[in-house]
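Q: Provided herewith: protein_3.json, JSON, C-alpha atoms and all ligand atoms.
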[["chain", "number", "residue", "atom", "x", "y", "z"],
["W", 1, "MET", "CA", 93.65, 40.75, -143.08],
["W", 2, "PRO", "CA", 90.13, 39.47, -142.30],
["W", 3, "ALA", "CA", 87.37, 40.41, -144.75],
["W", 4, "ILE", "CA", 85.05, 41.40, -141.88],
["W", 5, "ASP", "CA", 85.39, 43.04, -138.47],
["W", 6, "PRO", "CA", 85.41, 40.02, -136.10],
["W", 7, "ALA", "CA", 84.20, 41.89, -132.98],
["W", 8, "HIS", "CA", 80.54, 40.74, -133.10],
["W", 9, "ILE", "CA", 80.95, 37.33, -134.72],
["W", 10, "PRO", "CA", 81.03, 34.10, -132.68],
["W", 11, "ALA", "CA", 84.65, 32.86, -132.86],
["W", 12, "LYS", "CA", 83.77, 29.33, -133.99],
["W", 13, "LEU", "CA", 81.78, 30.69, -136.96],
["W", 14, "PHE", "CA", 84.31, 33.33, -137.91],
["W", 15, "PRO", "CA", 86.24, 31.30, -140.56],
["W", 16, "VAL", "CA", 82.98, 30.53, -142.41],
["W", 17, "ILE", "CA", 81.69, 34.12, -142.29],
["W", 18, "ASP", "CA", 85.12, 35.46, -143.26],
["W", 19, "ALA", "CA", 85.21, 33.10, -146.27],
["W", 20, "LEU", "CA", 81.70, 34.20, -147.32],
["W", 21, "CYS", "CA", 82.79, 37.86, -147.05],
["W", 22, "THR", "CA", 86.07, 37.33, -148.92],
["W", 23, "THR", "CA", 84.19, 35.63, -151.75],
["W", 24, "GLY", "CA", 81.33, 38.15, -151.63],
["W", 25, "ALA", "CA", 83.80, 41.03, -152.00],
["W", 26, "GLU", "CA", 85.33, 39.30, -155.06],
["W", 27, "VAL", "CA", 81.90, 38.70, -156.59],
["W", 28, "SER", "CA", 81.03, 42.33, -155.94],
["W", 29, "ARG", "CA", 84.14, 43.47, -157.87],
["W", 30, "ILE", "CA", 83.18, 41.26, -160.83],
["W", 31, "ILE", "CA", 79.62, 42.66, -160.79],
["W", 32, "ALA", "CA", 80.90, 46.25, -160.57],
["W", 33, "ARG", "CA", 82.90, 45.81, -163.81],
["W", 34, "GLY", "CA", 79.72, 44.66, -165.57],
["W", 35, "PRO", "CA", 80.10, 44.58, -169.35],
["W", 36, "LEU", "CA", 83.79, 45.55, -169.10],
["W", 37, "GLY", "CA", 84.44, 42.00, -167.89],
["W", 38, "GLN", "CA", 82.75, 38.85, -169.07],
["W", 39, "ALA", "CA", 79.11, 38.54, -170.26],
["W", 40, "LEU", "CA", 77.72, 37.90, -166.78],
["W", 41, "GLY", "CA", 74.08, 37.71, -167.82],
["W", 42, "ALA", "CA", 74.61, 35.30, -170.73],
["W", 43, "GLY", "CA", 72.49, 32.13, -170.53],
["W", 44, "VAL", "CA", 74.70, 29.06, -170.03],
["W", 45, "GLY", "CA", 72.18, 26.29, -169.37],
["W", 46, "GLU", "CA", 69.62, 25.15, -166.82],
["W", 47, "ASN", "CA", 69.98, 24.02, -163.21],
["W", 48, "SER", "CA", 68.51, 20.74, -161.96],
["W", 49, "ASP", "CA", 65.13, 22.40, -161.43],
["W", 50, "GLY", "CA", 64.84, 23.84, -164.90],
["W", 51, "ASP", "CA", 65.73, 27.44, -163.98],
["W", 52, "GLN", "CA", 67.85, 29.20, -166.55],
["W", 53, "GLN", "CA", 71.45, 29.60, -165.35],
["W", 54, "LYS", "CA", 73.37, 32.76, -166.17],
["W", 55, "ALA", "CA", 77.18, 32.89, -166.41],
["W", 56, "LEU", "CA", 77.34, 34.75, -163.08],
["W", 57, "ASP", "CA", 75.19, 32.08, -161.36],
["W", 58, "VAL", "CA", 77.76, 29.45, -162.26],
["W", 59, "LEU", "CA", 80.80, 31.61, -161.56],
["W", 60, "ALA", "CA", 79.52, 32.71, -158.14],
["W", 61, "ASP", "CA", 78.69, 29.10, -157.27],
["W", 62, "GLU", "CA", 82.26, 27.98, -158.11],
["W", 63, "MET", "CA", 83.73, 30.87, -156.12],
["W", 64, "PHE", "CA", 81.64, 30.21, -152.98],
["W", 65, "GLU", "CA", 82.34, 26.48, -153.19],
["W", 66, "ALA", "CA", 86.10, 27.17, -153.29],
["W", 67, "GLY", "CA", 85.90, 29.75, -150.48],
["W", 68, "LEU", "CA", 83.91, 27.45, -148.19],
["W", 69, "ARG", "CA", 86.22, 24.52, -148.90],
["W", 70, "GLY", "CA", 89.11, 26.71, -147.76],
["W", 71, "ALA", "CA", 87.22, 27.48, -144.53],
["W", 72, "GLY", "CA", 86.87, 23.76, -143.68],
["W", 73, "VAL", "CA", 83.13, 23.53, -144.39],
["W", 74, "ARG", "CA", 81.93, 19.94, -144.51],
["W", 75, "PHE", "CA", 78.87, 20.15, -146.79],
["W", 76, "TYR", "CA", 77.84, 22.74, -149.40],
["W", 77, "ALA", "CA", 74.31, 22.79, -150.82],
["W", 78, "SER", "CA", 73.69, 25.21, -153.67],
["W", 79, "GLU", "CA", 70.80, 26.24, -155.87],
["W", 80, "GLU", "CA", 73.11, 25.53, -158.79],
["W", 81, "GLN", "CA", 73.96, 21.93, -157.82],
["W", 82, "GLU", "CA", 71.54, 19.03, -157.83],
["W", 83, "GLU", "CA", 73.16, 17.23, -154.88],
["W", 84, "VAL", "CA", 74.90, 18.36, -151.69],
["W", 85, "LEU", "CA", 78.70, 18.53, -152.19],
["W", 86, "SER", "CA", 81.01, 17.01, -149.54],
["W", 87, "LEU", "CA", 83.87, 19.47, -149.14],
["W", 88, "VAL", "CA", 86.05, 18.82, -146.06],
["W", 89, "PRO", "CA", 85.55, 15.56, -144.11],
["W", 90, "GLY", "CA", 85.13, 16.24, -140.40],
["W", 91, "GLY", "CA", 84.33, 19.93, -140.97],
["W", 92, "ARG", "CA", 82.00, 21.44, -138.39],
["W", 93, "TYR", "CA", 79.49, 23.27, -140.61],
["W", 94, "ALA", "CA", 77.05, 22.71, -143.47],
["W", 95, "VAL", "CA", 76.36, 25.78, -145.62],
["W", 96, "ALA", "CA", 73.45, 26.16, -148.06],
["W", 97, "ALA", "CA", 73.48, 29.05, -150.51],
["W", 98, "ASP", "CA", 71.78, 30.72, -153.38],
["W", 99, "PRO", "CA", 75.11, 32.03, -154.74],
["W", 100, "LEU", "CA", 73.45, 34.59, -157.01],
["W", 101, "ASP", "CA", 69.88, 35.57, -156.25],
["W", 102, "GLY", "CA", 67.85, 37.73, -158.64],
["W", 103, "SER", "CA", 69.79, 36.77, -161.76],
["W", 104, "SER", "CA", 67.20, 38.35, -164.09],
["W", 105, "ASN", "CA", 68.56, 41.68, -162.80],
["W", 106, "ILE", "CA", 72.24, 41.00, -163.63],
["W", 107, "ASP", "CA", 72.21, 42.82, -166.96],
["W", 108, "VAL", "CA", 70.18, 45.81, -165.79],
["W", 109, "ASN", "CA", 72.38, 46.98, -162.91],
["W", 110, "VAL", "CA", 69.75, 46.36, -160.25],
["W", 111, "THR", "CA", 70.63, 44.94, -156.81],
["W", 112, "ILE", "CA", 71.29, 41.19, -156.75],
["W", 113, "GLY", "CA", 72.69, 39.10, -153.91],
["W", 114, "THR", "CA", 73.95, 35.94, -152.26],
["W", 115, "ILE", "CA", 71.84, 34.20, -149.59],
["W", 116, "PHE", "CA", 73.33, 31.70, -147.13],
["W", 117, "SER", "CA", 72.25, 29.46, -144.28],
["W", 118, "VAL", "CA", 74.59, 27.68, -141.83],
["W", 119, "PHE", "CA", 73.90, 24.55, -139.78],
["W", 120, "GLU", "CA", 76.13, 22.41, -137.57],
["W", 121, "ALA", "CA", 76.90, 19.48, -139.90],
["W", 122, "LYS", "CA", 75.48, 16.05, -139.14],
["W", 123, "GLU", "CA", 77.00, 12.77, -140.36],
["W", 124, "GLY", "CA", 74.90, 12.64, -143.52],
["W", 125, "ALA", "CA", 74.91, 15.29, -146.24],
["W", 126, "ASP", "CA", 71.15, 15.54, -146.76],
["W", 127, "GLU", "CA", 70.23, 15.31, -143.06],
["W", 128, "SER", "CA", 72.50, 18.30, -142.43],
["W", 129, "PHE", "CA", 70.00, 20.48, -144.34],
["W", 130, "LEU", "CA", 66.64, 18.66, -144.12],
["W", 131, "ARG", "CA", 65.81, 19.70, -140.55],
["W", 132, "PRO", "CA", 63.88, 22.47, -138.76],
["W", 133, "ALA", "CA", 64.82, 25.96, -139.95],
["W", 134, "SER", "CA", 65.06, 26.92, -136.25],
["W", 135, "GLU", "CA", 68.31, 24.87, -136.08],
["W", 136, "GLN", "CA", 70.21, 27.33, -138.29],
["W", 137, "VAL", "CA", 73.22, 28.73, -136.40],
["W", 138, "ALA", "CA", 73.73, 31.62, -138.81],
["W", 139, "ALA", "CA", 72.03, 33.06, -141.88],
["W", 140, "GLY", "CA", 72.42, 36.13, -144.02],
["W", 141, "TYR", "CA", 72.66, 37.79, -147.38],
["W", 142, "ILE", "CA", 75.22, 39.86, -149.23],
["W", 143, "ALA", "CA", 73.54, 42.55, -151.36],
["W", 144, "TYR", "CA", 75.41, 43.77, -154.44],
["W", 145, "GLY", "CA", 73.85, 47.20, -154.87],
["W", 146, "PRO", "CA", 74.84, 50.85, -154.60],
["W", 147, "GLN", "CA", 76.62, 49.60, -151.47],
["W", 148, "CYS", "CA", 77.79, 46.04, -150.97],
["W", 149, "LEU", "CA", 76.10, 45.00, -147.70],
["W", 150, "LEU", "CA", 76.04, 41.99, -145.42],
["W", 151, "ALA", "CA", 73.04, 41.34, -143.16],
["W", 152, "VAL", "CA", 73.71, 38.41, -140.84],
["W", 153, "THR", "CA", 72.27, 36.77, -137.75],
["W", 154, "PHE", "CA", 73.75, 34.31, -135.28],
["W", 155, "GLY", "CA", 70.51, 34.10, -133.30],
["W", 156, "ASP", "CA", 71.08, 37.24, -131.26],
["W", 157, "GLY", "CA", 69.70, 40.02, -133.44],
["W", 158, "THR", "CA", 70.41, 40.93, -137.07],
["W", 159, "GLN", "CA", 73.64, 42.79, -137.78],
["W", 160, "LEU", "CA", 74.36, 44.98, -140.79],
["W", 161, "TYR", "CA", 77.83, 45.45, -142.33],
["W", 162, "VAL", "CA", 78.96, 47.59, -145.26],
["W", 163, "LEU", "CA", 81.89, 46.67, -147.52],
["W", 164, "ASP", "CA", 84.21, 49.64, -147.14],
["W", 165, "PRO", "CA", 85.76, 50.28, -150.57],
["W", 166, "ASP", "CA", 88.77, 51.94, -148.89],
["W", 167, "THR", "CA", 89.75, 48.94, -146.75],
["W", 168, "GLY", "CA", 88.15, 46.07, -148.74],
["W", 169, "ALA", "CA", 86.59, 44.72, -145.52],
["W", 170, "PHE", "CA", 83.03, 44.61, -144.18],
["W", 171, "ALA", "CA", 82.59, 47.06, -141.28],
["W", 172, "LEU", "CA", 79.73, 47.03, -138.76],
["W", 173, "ALA", "CA", 77.05, 49.63, -139.59],
["W", 174, "GLU", "CA", 74.22, 48.51, -137.27],
["W", 175, "GLU", "CA", 74.47, 46.07, -134.41],
["W", 176, "LYS", "CA", 70.75, 45.28, -134.21],
["W", 177, "MET", "CA", 68.46, 46.01, -137.13],
["W", 178, "ALA", "CA", 64.84, 46.68, -136.12],
["W", 179, "LEU", "CA", 62.13, 45.92, -138.65],
["W", 180, "PRO", "CA", 59.24, 48.38, -138.07],
["W", 181, "GLU", "CA", 56.03, 46.76, -136.75],
["W", 182, "ALA", "CA", 53.72, 48.65, -139.09],
["W", 183, "ALA", "CA", 54.13, 48.95, -142.84],
["W", 184, "SER", "CA", 53.13, 51.28, -145.62],
["W", 185, "GLU", "CA", 54.53, 49.17, -148.50],
["W", 186, "PHE", "CA", 53.83, 45.68, -149.81],
["W", 187, "SER", "CA", 55.49, 43.47, -152.45],
["W", 188, "ILE", "CA", 54.03, 40.73, -154.61],
["W", 189, "ASN", "CA", 54.35, 39.87, -158.29],
["W", 190, "ALA", "CA", 51.03, 41.40, -159.35],
["W", 191, "SER", "CA", 51.14, 39.84, -162.81],
["W", 192, "ASN", "CA", 50.06, 36.58, -161.13],
["W", 193, "ARG", "CA", 46.86, 38.09, -159.75],
["W", 194, "ARG", "CA", 44.55, 35.88, -161.78],
["W", 195, "HIS", "CA", 46.20, 32.79, -160.22],
["W", 196, "TRP", "CA", 46.10, 33.86, -156.55],
["W", 197, "THR", "CA", 44.13, 32.21, -153.75],
["W", 198, "ALA", "CA", 41.25, 34.11, -152.08],
["W", 199, "PRO", "CA", 43.20, 35.22, -148.94],
["W", 200, "VAL", "CA", 46.06, 36.65, -151.01],
["W", 201, "LEU", "CA", 43.65, 38.51, -153.28],
["W", 202, "ALA", "CA", 41.77, 39.81, -150.22],
["W", 203, "TYR", "CA", 45.00, 41.17, -148.72],
["W", 204, "VAL", "CA", 46.03, 42.93, -151.92],
["W", 205, "GLU", "CA", 42.53, 44.38, -152.44],
["W", 206, "GLU", "CA", 42.54, 45.66, -148.86],
["W", 207, "ASN", "CA", 45.84, 47.43, -149.58],
["W", 208, "GLU", "CA", 44.60, 48.82, -152.88],
["W", 209, "ALA", "CA", 41.49, 50.24, -151.19],
["W", 210, "GLY", "CA", 43.85, 52.44, -149.16],
["W", 211, "ILE", "CA", 42.50, 55.13, -146.90],
["W", 212, "GLU", "CA", 38.95, 54.64, -148.21],
["W", 213, "GLY", "CA", 38.95, 50.93, -147.32],
["W", 214, "ALA", "CA", 38.81, 48.87, -144.11],
["W", 215, "LYS", "CA", 42.54, 49.33, -143.56],
["W", 216, "GLY", "CA", 42.14, 53.08, -143.39],
["W", 217, "LYS", "CA", 45.57, 53.86, -144.81],
["W", 218, "ASN", "CA", 47.29, 54.06, -148.15],
["W", 219, "MET", "CA", 49.81, 51.35, -149.04],
["W", 220, "ASN", "CA", 52.51, 51.70, -151.65],
["W", 221, "PHE", "CA", 53.39, 48.83, -153.98],
["W", 222, "ARG", "CA", 56.97, 47.72, -154.78],
["W", 223, "TRP", "CA", 58.41, 44.79, -156.78],
["W", 224, "VAL", "CA", 62.13, 44.57, -157.62],
["W", 225, "GLY", "CA", 62.34, 40.90, -158.61],
["W", 226, "SER", "CA", 65.38, 40.31, -156.34],
["W", 227, "LEU", "CA", 64.56, 38.70, -153.01],
["W", 228, "VAL", "CA", 67.71, 40.17, -151.46],
["W", 229, "ALA", "CA", 66.82, 43.74, -152.47],
["W", 230, "GLU", "CA", 63.23, 43.29, -151.33],
["W", 231, "THR", "CA", 64.31, 41.84, -147.96],
["W", 232, "HIS", "CA", 66.81, 44.61, -147.38],
["W", 233, "ARG", "CA", 64.21, 47.30, -148.04],
["W", 234, "ILE", "CA", 61.75, 45.62, -145.68],
["W", 235, "LEU", "CA", 64.35, 45.11, -142.93],
["W", 236, "THR", "CA", 65.23, 48.78, -143.24],
["W", 237, "ARG", "CA", 61.86, 50.52, -143.40],
["W", 238, "GLY", "CA", 59.19, 47.84, -142.95],
["W", 239, "GLY", "CA", 56.74, 46.34, -145.42],
["W", 240, "THR", "CA", 55.45, 42.94, -146.48],
["W", 241, "PHE", "CA", 56.63, 40.46, -149.06],
["W", 242, "LEU", "CA", 54.50, 37.65, -150.45],
["W", 243, "TYR", "CA", 55.45, 34.86, -152.83],
["W", 244, "PRO", "CA", 52.43, 32.64, -152.20],
["W", 245, "SER", "CA", 51.37, 29.41, -153.81],
["W", 246, "ASP", "CA", 49.19, 30.04, -156.84],
["W", 247, "ALA", "CA", 47.24, 28.14, -159.46],
["W", 248, "ARG", "CA", 50.02, 27.98, -162.07],
["W", 249, "SER", "CA", 51.49, 24.58, -162.69],
["W", 250, "GLY", "CA", 54.77, 24.31, -160.74],
["W", 251, "TYR", "CA", 53.77, 27.08, -158.29],
["W", 252, "GLU", "CA", 51.72, 24.90, -155.90],
["W", 253, "ALA", "CA", 54.27, 25.82, -153.19],
["W", 254, "GLY", "CA", 55.19, 29.24, -154.53],
["W", 255, "ARG", "CA", 58.51, 29.95, -156.18],
["W", 256, "LEU", "CA", 61.15, 30.33, -153.49],
["W", 257, "ARG", "CA", 63.31, 27.52, -152.14],
["W", 258, "MET", "CA", 63.01, 26.56, -148.50],
["W", 259, "VAL", "CA", 66.62, 25.63, -147.71],
["W", 260, "TYR", "CA", 68.64, 28.49, -149.21],
["W", 261, "GLU", "CA", 66.09, 31.31, -149.71],
["W", 262, "VAL", "CA", 63.12, 31.06, -147.36],
["W", 263, "ALA", "CA", 64.72, 29.65, -144.17],
["W", 264, "PRO", "CA", 67.68, 32.07, -144.01],
["W", 265, "MET", "CA", 65.51, 35.12, -144.79],
["W", 266, "ALA", "CA", 62.98, 33.99, -142.14],
["W", 267, "PHE", "CA", 65.76, 33.72, -139.53],
["W", 268, "LEU", "CA", 67.08, 37.22, -140.39],
["W", 269, "VAL", "CA", 63.62, 38.80, -140.40],
["W", 270, "GLU", "CA", 62.54, 37.26, -137.09],
["W", 271, "GLN", "CA", 65.83, 38.25, -135.44],
["W", 272, "ALA", "CA", 65.09, 41.84, -136.50],
["W", 273, "GLY", "CA", 61.62, 41.69, -134.89],
["W", 274, "GLY", "CA", 59.55, 40.80, -137.97],
["W", 275, "LEU", "CA", 57.53, 37.68, -138.74],
["W", 276, "ALA", "CA", 58.00, 35.04, -141.46],
["W", 277, "THR", "CA", 55.38, 32.42, -142.34],
["W", 278, "ASP", "CA", 54.13, 30.32, -145.24],
["W", 279, "GLY", "CA", 50.94, 32.41, -144.94],
["W", 280, "VAL", "CA", 49.90, 30.64, -141.74],
["W", 281, "THR", "CA", 52.71, 28.67, -140.07],
["W", 282, "PRO", "CA", 56.01, 30.19, -138.87],
["W", 283, "ILE", "CA", 58.77, 29.18, -141.30],
["W", 284, "LEU", "CA", 61.21, 28.55, -138.45],
["W", 285, "SER", "CA", 59.01, 25.70, -137.18],
["W", 286, "LEU", "CA", 59.12, 23.94, -140.56],
["W", 287, "SER", "CA", 61.66, 21.55, -142.14],
["W", 288, "ALA", "CA", 62.47, 20.88, -145.76],
["W", 289, "GLU", "CA", 61.98, 17.34, -146.98],
["W", 290, "LYS", "CA", 63.89, 17.83, -150.22],
["W", 291, "LEU", "CA", 66.90, 20.01, -150.92],
["W", 292, "HIS", "CA", 65.33, 22.13, -153.65],
["W", 293, "GLU", "CA", 61.74, 22.16, -152.41],
["W", 294, "ARG", "CA", 59.72, 25.37, -152.65],
["W", 295, "ARG", "CA", 57.70, 27.00, -149.89],
["W", 296, "PRO", "CA", 55.11, 29.79, -149.97],
["W", 297, "PHE", "CA", 56.70, 32.78, -148.25],
["W", 298, "VAL", "CA", 55.18, 35.76, -146.45],
["W", 299, "PHE", "CA", 57.32, 37.99, -144.28],
["W", 300, "GLY", "CA", 57.80, 41.48, -142.96],
["W", 301, "SER", "CA", 56.19, 43.81, -140.44],
["W", 302, "ARG", "CA", 54.42, 41.92, -137.65],
["W", 303, "GLN", "CA", 51.03, 43.62, -137.99],
["W", 304, "GLU", "CA", 50.80, 42.84, -141.70],
["W", 305, "VAL", "CA", 51.99, 39.23, -141.48],
["W", 306, "GLU", "CA", 49.45, 38.65, -138.66],
["W", 307, "ARG", "CA", 46.74, 40.19, -140.84],
["W", 308, "ILE", "CA", 47.63, 37.85, -143.71],
["W", 309, "ARG", "CA", 47.46, 34.86, -141.35],
["W", 310, "LYS", "CA", 43.98, 35.96, -140.18],
["W", 311, "LEU", "CA", 42.80, 36.24, -143.78],
["W", 312, "HIS", "CA", 43.86, 32.61, -144.26],
["W", 313, "ASP", "CA", 41.75, 31.44, -141.25],
["H", 1, "LIG", "O1", 64.43, 32.89, -156.98],
["H", 1, "LIG", "C1", 64.47, 33.90, -157.24],
["H", 1, "LIG", "C2", 63.83, 35.23, -157.53],
["H", 1, "LIG", "O2", 64.49, 35.82, -158.60],
["H", 1, "LIG", "C3", 63.81, 36.12, -156.31],
["H", 1, "LIG", "O3", 65.01, 36.81, -156.15],
["H", 1, "LIG", "C4", 62.64, 37.02, -156.60],
["H", 1, "LIG", "O4", 62.02, 37.46, -155.40],
["H", 1, "LIG", "C5", 61.71, 36.15, -157.40],
["H", 1, "LIG", "O5", 62.46, 35.05, -157.88],
["H", 1, "LIG", "C6", 61.13, 36.89, -158.56],
["H", 1, "LIG", "O6", 60.07, 36.19, -159.06],
["H", 1, "LIG", "P1", 59.25, 36.63, -160.39],
["H", 1, "LIG", "O7", 60.05, 36.06, -161.53],
["H", 1, "LIG", "O8", 57.92, 36.00, -160.24],
["H", 1, "LIG", "O9", 59.21, 38.11, -160.44]]
Give the structure from this file in structure tokens form.
A:
Amino acid sequence: MPAIDPAHIPAKLFPVIDALCTTGAEVSRIIARGPLGQALGAGVGENSDGDQQKALDVLADEMFEAGLRGAGVRFYASEEQEEVLSLVPGGRYAVAADPLDGSSNIDVNVTIGTIFSVFEAKEGADESFLRPASEQVAAGYIAYGPQCLLAVTFGDGTQLYVLDPDTGAFALAEEKMALPEAASEFSINASNRRHWTAPVLAYVEENEAGIEGAKGKNMNFRWVGSLVAETHRILTRGGTFLYPSDARSGYEAGRLRMVYEVAPMAFLVEQAGGLATDGVTPILSLSAEKLHERRPFVFGSRQEVERIRKLHD
């Protein structure tokens, strides 16, 4: 039995999406058992970029690699692997993933997720991923939260599925998500305030001034620390997210990775009617030059993302 209702999924992509859903449902079961299973949040080392790896990061990576191999995927690029892996010679697709996003939230039972991006494979492993984000043929996330959800786009709107615990398969919940144009919430890691650039500080101060300020309305502040959870909230009820570049060493291009975090979220957000930029330039017009490169990321409700771009002018 397929792990997802095939009705709204392009037939050629179905095996890949089905494999992602089968694996996502297994990961979701492991997460749901929490401390009754293995120590998922235990530190087990560092990835190539110096980020701490948790046991669940490594486990999820192995599970998605195996699932995608079974679906005939040619190349797999993962946050947890330094180099692109060649899986099935001649396979049609190249899949990039952050197998477990938000790993600092594993042990505290807060929503975490898997983010993925799909391209038609080229001959070379690296060139399959280092290309304009607009060439993605599918992108999405699986959110492991109170519900296990899949948000996915194939370039014709953003669809939302829910993992039905009774059937074990993802069922369509919304055929076209619509991200509200205006926002009353914004998200940024405020502990980095002293390192921000002037336009970012100006935007936050404008929001803090609320109804008494130039904006003339109150804005609520939210920060979960899981990109998947933050994106899902914004897709559902609007808002803005910023992970800008800042003055800390190593944060010259922000924190988030272009290939398997920023590009897929930008595709999903724009397909739902929102905007996604690096502060100024649309993400979908940009390419990564290195597999693990970072990119400043601003996305969400159109009016707010436009306002942030103006503040950068
Ligand atoms: O890369 C991952 C991530 O954990 C995102 O899920 C999240 O948005 C961000 O980093 C959190 O960053 P910070 O550690 O600055 O709160």
Q: Which residues are close to region 6-10 of chain W, i.e. within 8 Å by only C-alpha atoms, leaving aside same-chain residues fewer than 4 positions away? Reply as a VMD selection string.
A: chain W and resid 2 14 154
Q: For a quick check of understanding, using all atoms listed in the file, which of W:Ala178, W:Ile115, W:Ala266, W:Leu56 has the smallest distance to Leu149 (chain W)?
A: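 Closest to Leu149 (chain W), using all atoms listed in the file: W:Ile115.
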Q: Select all residues near (70.8, 25.0, -155.3) (cut-off 7 Å, inclusive, file coordinates), counting all atoms listed in the file, and output them as a PyMOL selection string.
A: chain W and resi 77-82+97-98+292
Q: Please identify every polymer residue within 8 Å of ligand LIG 1 (chain H), using all atoms listed in the file, and present the set as JSON, numbers by chain.
A: {"W": [101, 102, 103, 104, 112, 189, 192, 223, 224, 225, 226, 227, 228, 230, 243, 255, 256, 257, 261]}
Q: Leaving out Val27 (chain W) and any residue of its chain fewer than 6 positions from it, which residues lie within 12 Å of it when counting all atoms listed in the file, given as JSON, numbers by chain?
A: {"W": [20, 21, 33, 34, 40, 56, 57, 58, 59, 60, 61, 62, 63, 64, 67, 99, 100, 112, 113, 114, 142, 143, 144, 145, 148]}
Q: So which residues are close to (74.5, 31.5, -171.4), meaning at most 8 Å away in the file's coordinates with all atoms listed in the file counted, and can you show them as number ranges by chain?
A: W: 41-45, 53-55
Q: Looking at W:Ile106, W:Val280, W:Val305, W:Leu160, which one is nearest to Glu174 (chain W), with distances taken over all atoms listed in the file?
A: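 Once distances to Glu174 (chain W) are computed over all atoms listed in the file, the minimum belongs to W:Leu160.
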Q: Which residues, written as a ChimeraX atom specification, have at least one atom at most 10 Å from Asp313 (chain W), with all atoms listed in the file counted and residues fewer than 5 positions away on the same chain left out?
A: /W:199,279-280,308
Q: How many Å separate CA of Gly300 (chain W) from CA of Val200 (chain W)?
A: 15.0 Å
Q: Any idea what the distance is between CA of Phe186 (chain W) and CA of Gly250 (chain W)?
A: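 Separation between CA of Phe186 (chain W) and CA of Gly250 (chain W): 24.0 Å.
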Q: Suppose you want the space between CA of Asp5 (chain W) and CA of Gly238 (chain W); what is it in Å?
A: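 Spanning CA of Asp5 (chain W) to CA of Gly238 (chain W) is a straight-line distance of 27.0 Å.
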Q: So, counting only C-alpha atoms, which residue among W:Ala19, W:Ala94, W:Ala32, W:Leu268 is closest to Val152 (chain W)?
A: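 Nearest to Val152 (chain W): W:Leu268.
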Q: Which residues come within 12 Å of Glu306 (chain W), counting only C-alpha atoms, excluding same-chain residues fewer than 5 positions away, as a list of chain:residue names?
A: W:Glu181, W:Ala182, W:Tyr203, W:Thr240, W:Gly274, W:Leu275, W:Ala276, W:Thr277, W:Asp278, W:Gly279, W:Val280, W:Thr281, W:Pro282, W:Val298, W:Phe299, W:Gly300, W:Ser301, W:Leu311, W:His312, W:Asp313
